[in-house]
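Trainee: Data: protein04.cif, mmCIF, N, CA and C atoms.
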data_entry
#
loop_
_atom_site.label_atom_id
_atom_site.label_comp_id
_atom_site.auth_asym_id
_atom_site.auth_seq_id
_atom_site.Cartn_x
_atom_site.Cartn_y
_atom_site.Cartn_z
N MET A 1 -11.49 4.51 -7.47
CA MET A 1 -12.28 3.52 -8.15
C MET A 1 -11.47 2.24 -8.31
N CYS A 2 -12.08 1.12 -8.09
CA CYS A 2 -11.43 -0.18 -8.20
C CYS A 2 -11.40 -0.58 -9.68
N ASP A 3 -10.18 -0.85 -10.18
CA ASP A 3 -10.01 -1.25 -11.58
C ASP A 3 -10.62 -2.63 -11.80
N ARG A 4 -11.04 -2.89 -13.01
CA ARG A 4 -11.76 -4.12 -13.34
C ARG A 4 -11.00 -5.39 -12.92
N GLY A 5 -9.69 -5.44 -13.14
CA GLY A 5 -8.91 -6.64 -12.81
C GLY A 5 -8.30 -6.61 -11.42
N GLU A 6 -8.67 -5.63 -10.63
CA GLU A 6 -8.05 -5.43 -9.32
C GLU A 6 -8.84 -6.12 -8.22
N SER A 7 -8.14 -6.83 -7.35
CA SER A 7 -8.82 -7.45 -6.21
C SER A 7 -9.18 -6.36 -5.21
N TYR A 8 -10.17 -6.63 -4.39
CA TYR A 8 -10.56 -5.67 -3.36
C TYR A 8 -9.44 -5.48 -2.34
N GLN A 9 -8.69 -6.54 -2.06
CA GLN A 9 -7.57 -6.40 -1.13
C GLN A 9 -6.53 -5.45 -1.69
N HIS A 10 -6.21 -5.59 -2.97
CA HIS A 10 -5.25 -4.69 -3.61
C HIS A 10 -5.76 -3.25 -3.55
N PHE A 11 -7.03 -3.06 -3.83
CA PHE A 11 -7.64 -1.74 -3.81
C PHE A 11 -7.56 -1.10 -2.43
N VAL A 12 -7.88 -1.86 -1.38
CA VAL A 12 -7.84 -1.33 -0.02
C VAL A 12 -6.40 -0.99 0.38
N LEU A 13 -5.46 -1.86 0.05
CA LEU A 13 -4.05 -1.57 0.36
C LEU A 13 -3.57 -0.32 -0.38
N LYS A 14 -4.02 -0.15 -1.61
CA LYS A 14 -3.65 1.04 -2.38
C LYS A 14 -4.23 2.31 -1.76
N LEU A 15 -5.49 2.26 -1.34
CA LEU A 15 -6.11 3.42 -0.69
C LEU A 15 -5.40 3.78 0.61
N LEU A 16 -5.10 2.78 1.42
CA LEU A 16 -4.39 3.04 2.68
C LEU A 16 -3.00 3.60 2.41
N SER A 17 -2.33 3.08 1.39
CA SER A 17 -0.99 3.58 1.04
C SER A 17 -1.05 5.06 0.66
N TYR A 18 -2.04 5.39 -0.14
CA TYR A 18 -2.20 6.80 -0.52
C TYR A 18 -2.44 7.67 0.71
N CYS A 19 -3.26 7.21 1.61
CA CYS A 19 -3.54 7.98 2.82
C CYS A 19 -2.28 8.18 3.65
N LEU A 20 -1.45 7.16 3.73
CA LEU A 20 -0.22 7.26 4.52
C LEU A 20 0.75 8.28 3.96
N PHE A 21 0.72 8.50 2.65
CA PHE A 21 1.66 9.41 2.02
C PHE A 21 1.00 10.69 1.50
N SER A 22 -0.28 10.88 1.79
CA SER A 22 -1.00 12.04 1.26
C SER A 22 -0.58 13.36 1.88
N HIS A 23 0.22 13.31 2.95
CA HIS A 23 0.74 14.56 3.51
C HIS A 23 1.65 15.26 2.50
N ASN A 24 2.19 14.50 1.55
CA ASN A 24 2.98 15.07 0.46
C ASN A 24 2.01 15.39 -0.68
N LYS A 25 1.93 16.65 -1.04
CA LYS A 25 0.97 17.08 -2.07
C LYS A 25 1.27 16.48 -3.45
N GLN A 26 2.46 15.95 -3.63
CA GLN A 26 2.83 15.34 -4.91
C GLN A 26 2.41 13.86 -4.99
N ALA A 27 1.89 13.32 -3.90
CA ALA A 27 1.48 11.91 -3.89
C ALA A 27 0.34 11.70 -4.88
N THR A 28 0.46 10.64 -5.67
CA THR A 28 -0.52 10.32 -6.70
C THR A 28 -0.90 8.85 -6.59
N ILE A 29 -2.20 8.58 -6.68
CA ILE A 29 -2.67 7.20 -6.70
C ILE A 29 -2.92 6.81 -8.14
N ASN A 30 -2.51 5.61 -8.51
CA ASN A 30 -2.69 5.13 -9.87
C ASN A 30 -4.05 4.42 -9.94
N ALA A 31 -4.92 4.93 -10.76
CA ALA A 31 -6.27 4.36 -10.87
C ALA A 31 -6.29 3.05 -11.64
N ARG A 32 -5.27 2.81 -12.45
CA ARG A 32 -5.21 1.59 -13.26
C ARG A 32 -4.28 0.57 -12.63
N LEU A 33 -4.58 -0.68 -12.83
CA LEU A 33 -3.77 -1.78 -12.33
C LEU A 33 -2.77 -2.17 -13.42
N LYS A 34 -1.53 -1.70 -13.29
CA LYS A 34 -0.48 -2.00 -14.26
C LYS A 34 0.78 -2.40 -13.51
N ASN A 35 1.39 -3.51 -13.92
CA ASN A 35 2.58 -4.01 -13.24
C ASN A 35 3.78 -3.07 -13.35
N ASN A 36 3.87 -2.34 -14.44
CA ASN A 36 5.03 -1.48 -14.64
C ASN A 36 4.82 -0.06 -14.11
N GLN A 37 3.77 0.15 -13.37
CA GLN A 37 3.46 1.45 -12.78
C GLN A 37 3.32 1.31 -11.27
N PRO A 38 3.68 2.35 -10.53
CA PRO A 38 3.48 2.27 -9.08
C PRO A 38 1.99 2.37 -8.75
N ASP A 39 1.61 1.80 -7.62
CA ASP A 39 0.23 1.96 -7.16
C ASP A 39 0.04 3.35 -6.58
N VAL A 40 1.06 3.84 -5.90
CA VAL A 40 1.09 5.20 -5.38
C VAL A 40 2.50 5.72 -5.63
N SER A 41 2.62 6.98 -5.99
CA SER A 41 3.96 7.51 -6.28
C SER A 41 4.07 8.97 -5.87
N ILE A 42 5.32 9.38 -5.72
CA ILE A 42 5.66 10.78 -5.51
C ILE A 42 6.80 11.08 -6.47
N LYS A 43 6.56 12.04 -7.37
CA LYS A 43 7.57 12.41 -8.35
C LYS A 43 8.24 13.72 -7.96
N ALA A 44 9.52 13.82 -8.28
CA ALA A 44 10.26 15.05 -8.07
C ALA A 44 9.97 16.01 -9.22
N LEU A 45 10.46 17.23 -9.11
CA LEU A 45 10.24 18.22 -10.17
C LEU A 45 10.84 17.78 -11.50
N ASP A 46 11.93 17.02 -11.45
CA ASP A 46 12.54 16.55 -12.69
C ASP A 46 11.89 15.27 -13.23
N GLU A 47 10.75 14.89 -12.63
CA GLU A 47 9.91 13.77 -13.08
C GLU A 47 10.45 12.39 -12.72
N HIS A 48 11.55 12.29 -11.99
CA HIS A 48 11.95 10.95 -11.53
C HIS A 48 11.14 10.62 -10.27
N TYR A 49 11.02 9.35 -9.98
CA TYR A 49 10.24 8.93 -8.83
C TYR A 49 11.07 9.07 -7.56
N GLU A 50 10.60 9.91 -6.66
CA GLU A 50 11.20 9.96 -5.33
C GLU A 50 10.73 8.75 -4.53
N THR A 51 9.44 8.45 -4.64
CA THR A 51 8.83 7.35 -3.90
C THR A 51 7.97 6.52 -4.83
N TRP A 52 8.18 5.22 -4.79
CA TRP A 52 7.41 4.26 -5.59
C TRP A 52 6.81 3.26 -4.61
N LEU A 53 5.49 3.15 -4.58
CA LEU A 53 4.81 2.19 -3.71
C LEU A 53 4.12 1.13 -4.55
N SER A 54 4.40 -0.11 -4.22
CA SER A 54 3.71 -1.26 -4.83
C SER A 54 2.99 -2.00 -3.71
N VAL A 55 1.76 -2.42 -3.98
CA VAL A 55 0.98 -3.05 -2.92
C VAL A 55 0.64 -4.50 -3.26
N ASP A 56 0.28 -5.22 -2.20
CA ASP A 56 -0.22 -6.59 -2.24
C ASP A 56 0.90 -7.58 -2.52
N GLN A 57 1.05 -8.05 -3.75
CA GLN A 57 2.03 -9.08 -4.09
C GLN A 57 2.78 -8.70 -5.35
N PRO A 58 3.63 -7.68 -5.28
CA PRO A 58 4.33 -7.23 -6.50
C PRO A 58 5.39 -8.24 -6.93
N ASP A 59 5.78 -8.14 -8.18
CA ASP A 59 6.82 -8.99 -8.75
C ASP A 59 8.18 -8.57 -8.18
N ILE A 60 8.85 -9.47 -7.47
CA ILE A 60 10.10 -9.13 -6.80
C ILE A 60 11.21 -8.77 -7.78
N SER A 61 11.26 -9.42 -8.94
CA SER A 61 12.31 -9.09 -9.92
C SER A 61 12.08 -7.69 -10.48
N MET A 62 10.82 -7.31 -10.67
CA MET A 62 10.51 -5.95 -11.13
C MET A 62 10.90 -4.94 -10.05
N LEU A 63 10.64 -5.25 -8.78
CA LEU A 63 11.00 -4.35 -7.69
C LEU A 63 12.51 -4.12 -7.64
N THR A 64 13.27 -5.17 -7.85
CA THR A 64 14.73 -5.07 -7.84
C THR A 64 15.20 -4.10 -8.92
N LYS A 65 14.61 -4.18 -10.10
CA LYS A 65 14.97 -3.28 -11.20
C LYS A 65 14.53 -1.84 -10.90
N ILE A 66 13.32 -1.69 -10.41
CA ILE A 66 12.78 -0.36 -10.12
C ILE A 66 13.59 0.33 -9.03
N ALA A 67 14.04 -0.42 -8.05
CA ALA A 67 14.79 0.15 -6.93
C ALA A 67 16.03 0.92 -7.40
N LYS A 68 16.58 0.54 -8.52
CA LYS A 68 17.77 1.21 -9.06
C LYS A 68 17.44 2.58 -9.65
N ARG A 69 16.18 2.84 -9.91
CA ARG A 69 15.77 4.08 -10.57
C ARG A 69 14.99 5.03 -9.67
N VAL A 70 14.73 4.64 -8.43
CA VAL A 70 13.92 5.47 -7.54
C VAL A 70 14.68 5.76 -6.25
N ASP A 71 14.27 6.82 -5.56
CA ASP A 71 14.91 7.15 -4.29
C ASP A 71 14.46 6.20 -3.18
N GLU A 72 13.15 5.97 -3.09
CA GLU A 72 12.60 5.07 -2.08
C GLU A 72 11.62 4.11 -2.71
N LEU A 73 11.72 2.85 -2.34
CA LEU A 73 10.82 1.82 -2.81
C LEU A 73 10.06 1.28 -1.60
N TRP A 74 8.75 1.37 -1.64
CA TRP A 74 7.90 0.89 -0.55
C TRP A 74 7.05 -0.26 -1.04
N VAL A 75 6.90 -1.28 -0.20
CA VAL A 75 5.97 -2.37 -0.47
C VAL A 75 4.97 -2.39 0.68
N VAL A 76 3.70 -2.42 0.32
CA VAL A 76 2.62 -2.45 1.32
C VAL A 76 1.84 -3.74 1.08
N THR A 77 1.79 -4.58 2.11
CA THR A 77 1.16 -5.90 1.98
C THR A 77 0.56 -6.31 3.32
N THR A 78 0.24 -7.58 3.45
CA THR A 78 -0.30 -8.09 4.72
C THR A 78 0.73 -8.99 5.39
N LEU A 79 0.70 -9.00 6.70
CA LEU A 79 1.68 -9.74 7.49
C LEU A 79 1.66 -11.24 7.22
N GLU A 80 0.51 -11.80 7.09
CA GLU A 80 0.39 -13.25 6.99
C GLU A 80 0.43 -13.75 5.54
N SER A 81 0.83 -12.91 4.60
CA SER A 81 0.76 -13.30 3.19
C SER A 81 1.90 -14.26 2.82
N ASP A 82 1.59 -15.16 1.91
CA ASP A 82 2.62 -16.05 1.37
C ASP A 82 3.71 -15.25 0.67
N TRP A 83 3.31 -14.16 0.01
CA TRP A 83 4.28 -13.32 -0.68
C TRP A 83 5.33 -12.80 0.30
N LEU A 84 4.90 -12.28 1.42
CA LEU A 84 5.84 -11.72 2.41
C LEU A 84 6.74 -12.82 2.97
N ASN A 85 6.18 -13.97 3.27
CA ASN A 85 6.98 -15.08 3.78
C ASN A 85 8.07 -15.48 2.78
N GLU A 86 7.73 -15.45 1.50
CA GLU A 86 8.66 -15.88 0.47
C GLU A 86 9.71 -14.83 0.13
N TYR A 87 9.34 -13.55 0.13
CA TYR A 87 10.23 -12.52 -0.42
C TYR A 87 10.76 -11.50 0.58
N GLN A 88 10.43 -11.62 1.84
CA GLN A 88 10.86 -10.61 2.81
C GLN A 88 12.38 -10.50 2.87
N ARG A 89 13.10 -11.61 2.81
CA ARG A 89 14.57 -11.56 2.85
C ARG A 89 15.13 -10.85 1.63
N GLN A 90 14.59 -11.15 0.45
CA GLN A 90 15.05 -10.49 -0.77
C GLN A 90 14.76 -8.99 -0.71
N LEU A 91 13.60 -8.64 -0.21
CA LEU A 91 13.23 -7.23 -0.10
C LEU A 91 14.19 -6.50 0.85
N ALA A 92 14.59 -7.15 1.92
CA ALA A 92 15.50 -6.54 2.89
C ALA A 92 16.88 -6.27 2.28
N LEU A 93 17.24 -7.00 1.22
CA LEU A 93 18.54 -6.79 0.57
C LEU A 93 18.55 -5.57 -0.35
N ILE A 94 17.38 -5.04 -0.65
CA ILE A 94 17.30 -3.83 -1.49
C ILE A 94 17.48 -2.64 -0.55
N SER A 95 18.58 -1.93 -0.72
CA SER A 95 18.98 -0.91 0.27
C SER A 95 17.99 0.23 0.44
N ASN A 96 17.25 0.58 -0.58
CA ASN A 96 16.31 1.70 -0.47
C ASN A 96 14.86 1.24 -0.33
N SER A 97 14.67 -0.01 0.09
CA SER A 97 13.30 -0.53 0.23
C SER A 97 12.80 -0.38 1.66
N HIS A 98 11.49 -0.26 1.75
CA HIS A 98 10.79 -0.14 3.03
C HIS A 98 9.55 -1.02 2.96
N LEU A 99 9.08 -1.42 4.11
CA LEU A 99 7.94 -2.33 4.17
C LEU A 99 6.89 -1.79 5.14
N ILE A 100 5.64 -1.87 4.71
CA ILE A 100 4.49 -1.66 5.58
C ILE A 100 3.63 -2.91 5.42
N ALA A 101 3.37 -3.58 6.53
CA ALA A 101 2.55 -4.79 6.48
C ALA A 101 1.46 -4.71 7.54
N PHE A 102 0.22 -4.77 7.08
CA PHE A 102 -0.95 -4.71 7.95
C PHE A 102 -1.36 -6.13 8.33
N ASP A 103 -2.00 -6.27 9.47
CA ASP A 103 -2.56 -7.58 9.80
C ASP A 103 -3.71 -7.87 8.83
N SER A 104 -3.80 -9.12 8.44
CA SER A 104 -4.78 -9.54 7.43
C SER A 104 -6.22 -9.30 7.87
N GLN A 105 -6.48 -9.46 9.15
CA GLN A 105 -7.84 -9.29 9.65
C GLN A 105 -8.32 -7.85 9.45
N PHE A 106 -7.44 -6.87 9.69
CA PHE A 106 -7.78 -5.46 9.48
C PHE A 106 -8.16 -5.22 8.01
N ILE A 107 -7.33 -5.72 7.10
CA ILE A 107 -7.60 -5.52 5.67
C ILE A 107 -8.88 -6.25 5.28
N GLU A 108 -9.08 -7.46 5.76
CA GLU A 108 -10.27 -8.24 5.43
C GLU A 108 -11.54 -7.54 5.93
N GLN A 109 -11.49 -6.94 7.11
CA GLN A 109 -12.66 -6.21 7.61
C GLN A 109 -13.00 -5.04 6.69
N LEU A 110 -11.97 -4.31 6.25
CA LEU A 110 -12.22 -3.19 5.34
C LEU A 110 -12.77 -3.68 4.01
N VAL A 111 -12.23 -4.77 3.49
CA VAL A 111 -12.71 -5.34 2.22
C VAL A 111 -14.17 -5.77 2.35
N THR A 112 -14.49 -6.42 3.44
CA THR A 112 -15.85 -6.92 3.66
C THR A 112 -16.88 -5.80 3.69
N HIS A 113 -16.50 -4.65 4.20
CA HIS A 113 -17.45 -3.55 4.36
C HIS A 113 -17.26 -2.44 3.33
N LEU A 114 -16.61 -2.75 2.22
CA LEU A 114 -16.49 -1.75 1.15
C LEU A 114 -17.88 -1.39 0.62
N SER A 115 -18.04 -0.13 0.27
CA SER A 115 -19.28 0.30 -0.35
C SER A 115 -18.93 1.17 -1.56
N LYS A 116 -19.92 1.47 -2.36
CA LYS A 116 -19.67 2.29 -3.55
C LYS A 116 -19.29 3.72 -3.19
N ASN A 117 -19.71 4.16 -2.03
CA ASN A 117 -19.41 5.53 -1.60
C ASN A 117 -18.59 5.45 -0.31
N LEU A 118 -17.28 5.57 -0.45
CA LEU A 118 -16.40 5.48 0.72
C LEU A 118 -16.30 6.82 1.42
N GLN A 119 -16.58 6.81 2.68
CA GLN A 119 -16.38 7.99 3.52
C GLN A 119 -15.66 7.51 4.77
N TRP A 120 -14.35 7.42 4.65
CA TRP A 120 -13.53 6.93 5.73
C TRP A 120 -12.87 8.08 6.47
N ASP A 121 -12.81 7.95 7.78
CA ASP A 121 -11.97 8.81 8.61
C ASP A 121 -10.80 7.94 9.04
N ILE A 122 -9.61 8.34 8.66
CA ILE A 122 -8.42 7.54 8.94
C ILE A 122 -7.54 8.27 9.93
N THR A 123 -7.13 7.55 10.97
CA THR A 123 -6.25 8.11 11.99
C THR A 123 -4.96 7.29 12.01
N ILE A 124 -3.84 8.00 11.92
CA ILE A 124 -2.53 7.36 11.97
C ILE A 124 -1.87 7.83 13.26
N ASP A 125 -1.61 6.89 14.16
CA ASP A 125 -1.08 7.23 15.47
C ASP A 125 0.01 6.24 15.84
N GLN A 126 1.26 6.65 15.74
CA GLN A 126 2.43 5.83 16.02
C GLN A 126 2.34 4.50 15.28
N GLN A 127 2.12 3.40 15.95
CA GLN A 127 2.07 2.10 15.30
C GLN A 127 0.65 1.56 15.13
N THR A 128 -0.32 2.45 15.07
CA THR A 128 -1.71 2.03 14.90
C THR A 128 -2.36 2.87 13.81
N ILE A 129 -3.14 2.21 13.00
CA ILE A 129 -3.94 2.91 12.00
C ILE A 129 -5.39 2.50 12.22
N SER A 130 -6.27 3.49 12.28
CA SER A 130 -7.69 3.25 12.50
C SER A 130 -8.48 3.82 11.34
N VAL A 131 -9.55 3.13 11.00
CA VAL A 131 -10.46 3.58 9.95
C VAL A 131 -11.87 3.52 10.52
N ALA A 132 -12.60 4.60 10.35
CA ALA A 132 -14.00 4.63 10.78
C ALA A 132 -14.85 5.03 9.59
N ASP A 133 -15.98 4.37 9.46
CA ASP A 133 -16.98 4.79 8.47
C ASP A 133 -18.27 5.08 9.23
N LYS A 134 -19.38 5.21 8.54
CA LYS A 134 -20.63 5.55 9.21
C LYS A 134 -21.09 4.51 10.22
N HIS A 135 -20.68 3.25 10.01
CA HIS A 135 -21.23 2.17 10.81
C HIS A 135 -20.21 1.38 11.62
N HIS A 136 -18.93 1.44 11.25
CA HIS A 136 -17.94 0.56 11.86
C HIS A 136 -16.66 1.31 12.21
N PHE A 137 -15.88 0.68 13.08
CA PHE A 137 -14.56 1.18 13.46
C PHE A 137 -13.59 0.01 13.33
N TYR A 138 -12.47 0.23 12.63
CA TYR A 138 -11.48 -0.82 12.40
C TYR A 138 -10.13 -0.29 12.87
N GLN A 139 -9.33 -1.18 13.43
CA GLN A 139 -8.02 -0.76 13.92
C GLN A 139 -7.03 -1.89 13.72
N THR A 140 -5.81 -1.53 13.33
CA THR A 140 -4.78 -2.55 13.18
C THR A 140 -4.45 -3.16 14.53
N ARG A 141 -4.22 -4.45 14.52
CA ARG A 141 -3.73 -5.12 15.73
C ARG A 141 -2.22 -5.27 15.62
N ASP A 142 -1.75 -5.60 14.43
CA ASP A 142 -0.32 -5.72 14.17
C ASP A 142 0.01 -4.88 12.95
N LEU A 143 1.10 -4.15 13.04
CA LEU A 143 1.53 -3.32 11.93
C LEU A 143 3.04 -3.28 11.93
N VAL A 144 3.62 -3.62 10.79
CA VAL A 144 5.07 -3.52 10.62
C VAL A 144 5.32 -2.34 9.69
N TRP A 145 6.23 -1.49 10.10
CA TRP A 145 6.53 -0.29 9.31
C TRP A 145 8.02 -0.01 9.46
N HIS A 146 8.77 -0.27 8.41
CA HIS A 146 10.21 0.05 8.44
C HIS A 146 10.76 0.27 7.06
#
Go ahead and render the structure in this file as structure tokens.

Mentor:
Amino acid sequence: MCDRGESYQHFVLKLLSYCLFSHNKQATINARLKNNQPDVSIKALDEHYETWLSVDQPDISMLTKIAKRVDELWVVTTLESDWLNEYQRQLALISNSHLIAFDSQFIEQLVTHLSKNLQWDITIDQQTISVADKHHFYQTRDLVWH
């Protein structure tokens, strides 16, 4: 469910992030939009975060602090975003950080065709992610994953 203050782009990026990490049964999607909480997370048995995912345009100073307390820090955003252009170098300096960046057109197509009842079939194949619903098929043209 999309939180009241959440943009549709943030929501779509969060859903895709969850799908990418859902092979781990401990993966959890955060239904609320809170800056001090991950959008998607994986916790260890001792309750520390093994994986913390923040999507769209997270606060870089908060990410720097969080990185010290988690095993892996992931940022999921769009390739053409101003945020990525501004903070990609800083993000690369965080030793346990990783980046997934989708092409903006792929995300915009998904946002445009959102419905109240999502029934997506998602295929992850090497450097391509595809989403199909009852009426449309969407596929990444550019994807950065490291």

Trainee: I need the output of the PyMOL selection byres (((chain A and resi 68-83 and name CA) around 8) and name CA) for this file as an MDAnalysis selection string; which residues are they?

Mentor: chainID A and resid 13 17 48:58 63:67 84:88 96:104 107 143:144

Trainee: Please report, as JSON, numbers by chain, each residue of segment 35-72 of chain A to which DSSP assigns helix (DSSP H, G or I) when run on this structure's backbone.

Mentor: {"A": [60, 61, 62, 63, 64, 65, 66, 67]}

Trainee: Now that the selection is made, can you save its residues with N, CA and C atoms as an mmCIF file, in the frame of the given file?

Mentor:
data_model
loop_
_atom_site.group_PDB
_atom_site.id
_atom_site.type_symbol
_atom_site.label_atom_id
_atom_site.label_comp_id
_atom_site.auth_asym_id
_atom_site.auth_seq_id
_atom_site.Cartn_x
_atom_site.Cartn_y
_atom_site.Cartn_z
ATOM 1 N N ILE A 60 8.850 -9.470 -7.470
ATOM 2 C CA ILE A 60 10.100 -9.130 -6.800
ATOM 3 C C ILE A 60 11.210 -8.770 -7.780
ATOM 4 N N SER A 61 11.260 -9.420 -8.940
ATOM 5 C CA SER A 61 12.310 -9.090 -9.920
ATOM 6 C C SER A 61 12.080 -7.690 -10.480
ATOM 7 N N MET A 62 10.820 -7.310 -10.670
ATOM 8 C CA MET A 62 10.510 -5.950 -11.130
ATOM 9 C C MET A 62 10.900 -4.940 -10.050
ATOM 10 N N LEU A 63 10.640 -5.250 -8.780
ATOM 11 C CA LEU A 63 11.000 -4.350 -7.690
ATOM 12 C C LEU A 63 12.510 -4.120 -7.640
ATOM 13 N N THR A 64 13.270 -5.170 -7.850
ATOM 14 C CA THR A 64 14.730 -5.070 -7.840
ATOM 15 C C THR A 64 15.200 -4.100 -8.920
ATOM 16 N N LYS A 65 14.610 -4.180 -10.100
ATOM 17 C CA LYS A 65 14.970 -3.280 -11.200
ATOM 18 C C LYS A 65 14.530 -1.840 -10.900
ATOM 19 N N ILE A 66 13.320 -1.690 -10.410
ATOM 20 C CA ILE A 66 12.780 -0.360 -10.120
ATOM 21 C C ILE A 66 13.590 0.330 -9.030
ATOM 22 N N ALA A 67 14.040 -0.420 -8.050
ATOM 23 C CA ALA A 67 14.790 0.150 -6.930
ATOM 24 C C ALA A 67 16.030 0.920 -7.400
#

Trainee: Which residues are close to segment 127-129 of chain A, i.e. within 6.5 Å by all atoms listed in the file, leaving aside same-chain residues fewer than 4 positions away? Reply as a list of chain:residue names.

Mentor: A:Thr123, A:Tyr138, A:Gln139, A:Thr140, A:Leu143

Trainee: I need the strand (DSSP E or B) residues of segment 2-112 of chain A per DSSP on the backbone, written as a VMD selection string.

Mentor: chain A and resid 27 to 29 40 to 43 49 to 55 72 to 78 97 to 102

Trainee: Is it possible to get the residues within 8 Å of (-1.4, 11.5, -4.7) (coordinates as in the file, counting all atoms listed in the file) written as a PDB file with N, CA and C atoms, keeping the file's coordinate frame?

Mentor:
ATOM      1  N   TYR A  18      -2.040   5.390  -0.140  1.00  0.00           N
ATOM      2  CA  TYR A  18      -2.200   6.800  -0.520  1.00  0.00           C
ATOM      3  C   TYR A  18      -2.440   7.670   0.710  1.00  0.00           C
ATOM      4  N   CYS A  19      -3.260   7.210   1.610  1.00  0.00           N
ATOM      5  CA  CYS A  19      -3.540   7.980   2.820  1.00  0.00           C
ATOM      6  C   CYS A  19      -2.280   8.180   3.650  1.00  0.00           C
ATOM      7  N   PHE A  21       0.720   8.500   2.650  1.00  0.00           N
ATOM      8  CA  PHE A  21       1.660   9.410   2.020  1.00  0.00           C
ATOM      9  C   PHE A  21       1.000  10.690   1.500  1.00  0.00           C
ATOM     10  N   SER A  22      -0.280  10.880   1.790  1.00  0.00           N
ATOM     11  CA  SER A  22      -1.000  12.040   1.260  1.00  0.00           C
ATOM     12  C   SER A  22      -0.580  13.360   1.880  1.00  0.00           C
ATOM     13  N   ASN A  24       2.190  14.500   1.550  1.00  0.00           N
ATOM     14  CA  ASN A  24       2.980  15.070   0.460  1.00  0.00           C
ATOM     15  C   ASN A  24       2.010  15.390  -0.680  1.00  0.00           C
ATOM     16  N   LYS A  25       1.930  16.650  -1.040  1.00  0.00           N
ATOM     17  CA  LYS A  25       0.970  17.080  -2.070  1.00  0.00           C
ATOM     18  C   LYS A  25       1.270  16.480  -3.450  1.00  0.00           C
ATOM     19  N   GLN A  26       2.460  15.950  -3.630  1.00  0.00           N
ATOM     20  CA  GLN A  26       2.830  15.340  -4.910  1.00  0.00           C
ATOM     21  C   GLN A  26       2.410  13.860  -4.990  1.00  0.00           C
ATOM     22  N   ALA A  27       1.890  13.320  -3.900  1.00  0.00           N
ATOM     23  CA  ALA A  27       1.480  11.910  -3.890  1.00  0.00           C
ATOM     24  C   ALA A  27       0.340  11.700  -4.880  1.00  0.00           C
ATOM     25  N   THR A  28       0.460  10.640  -5.670  1.00  0.00           N
ATOM     26  CA  THR A  28      -0.520  10.320  -6.700  1.00  0.00           C
ATOM     27  C   THR A  28      -0.900   8.850  -6.590  1.00  0.00           C
ATOM     28  N   ILE A  29      -2.200   8.580  -6.680  1.00  0.00           N
ATOM     29  CA  ILE A  29      -2.670   7.200  -6.700  1.00  0.00           C
ATOM     30  C   ILE A  29      -2.920   6.810  -8.140  1.00  0.00           C
ATOM     31  N   ASN A  30      -2.510   5.610  -8.510  1.00  0.00           N
ATOM     32  CA  ASN A  30      -2.690   5.130  -9.870  1.00  0.00           C
ATOM     33  C   ASN A  30      -4.050   4.420  -9.940  1.00  0.00           C
ATOM     34  N   VAL A  40       1.060   3.840  -5.900  1.00  0.00           N
ATOM     35  CA  VAL A  40       1.090   5.200  -5.380  1.00  0.00           C
ATOM     36  C   VAL A  40       2.500   5.720  -5.630  1.00  0.00           C
ATOM     37  N   SER A  41       2.620   6.980  -5.990  1.00  0.00           N
ATOM     38  CA  SER A  41       3.960   7.510  -6.280  1.00  0.00           C
ATOM     39  C   SER A  41       4.070   8.970  -5.870  1.00  0.00           C
ATOM     40  N   ILE A  42       5.320   9.380  -5.720  1.00  0.00           N
ATOM     41  CA  ILE A  42       5.660  10.780  -5.510  1.00  0.00           C
ATOM     42  C   ILE A  42       6.800  11.080  -6.470  1.00  0.00           C
TER      43      ILE A  42
END

Trainee: Using only C-alpha atoms, which protein or nucleic acid residues come within 10 Å of Cys2 of chain A? Drop anything in the same chain fewer than 3 positions from it, and give the result as an MDAnalysis selection string.

Mentor: chainID A and resid 5:8 10:12 14:15 31:33 116

Trainee: Could you list the residues chosen by the PyMOL selection byres ((chain A and resi 133) around 8) in this structure as an MDAnalysis selection string?

Mentor: chainID A and resid 118:122 130:132 134:138

Trainee: One decimal, in Å: what's the spacing between atom C of Ala92 of chain A and atom CA of Leu45 of chain A?

Mentor: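 Computed distance, atom C of Ala92 of chain A to atom CA of Leu45 of chain A, equals 28.3 Å.
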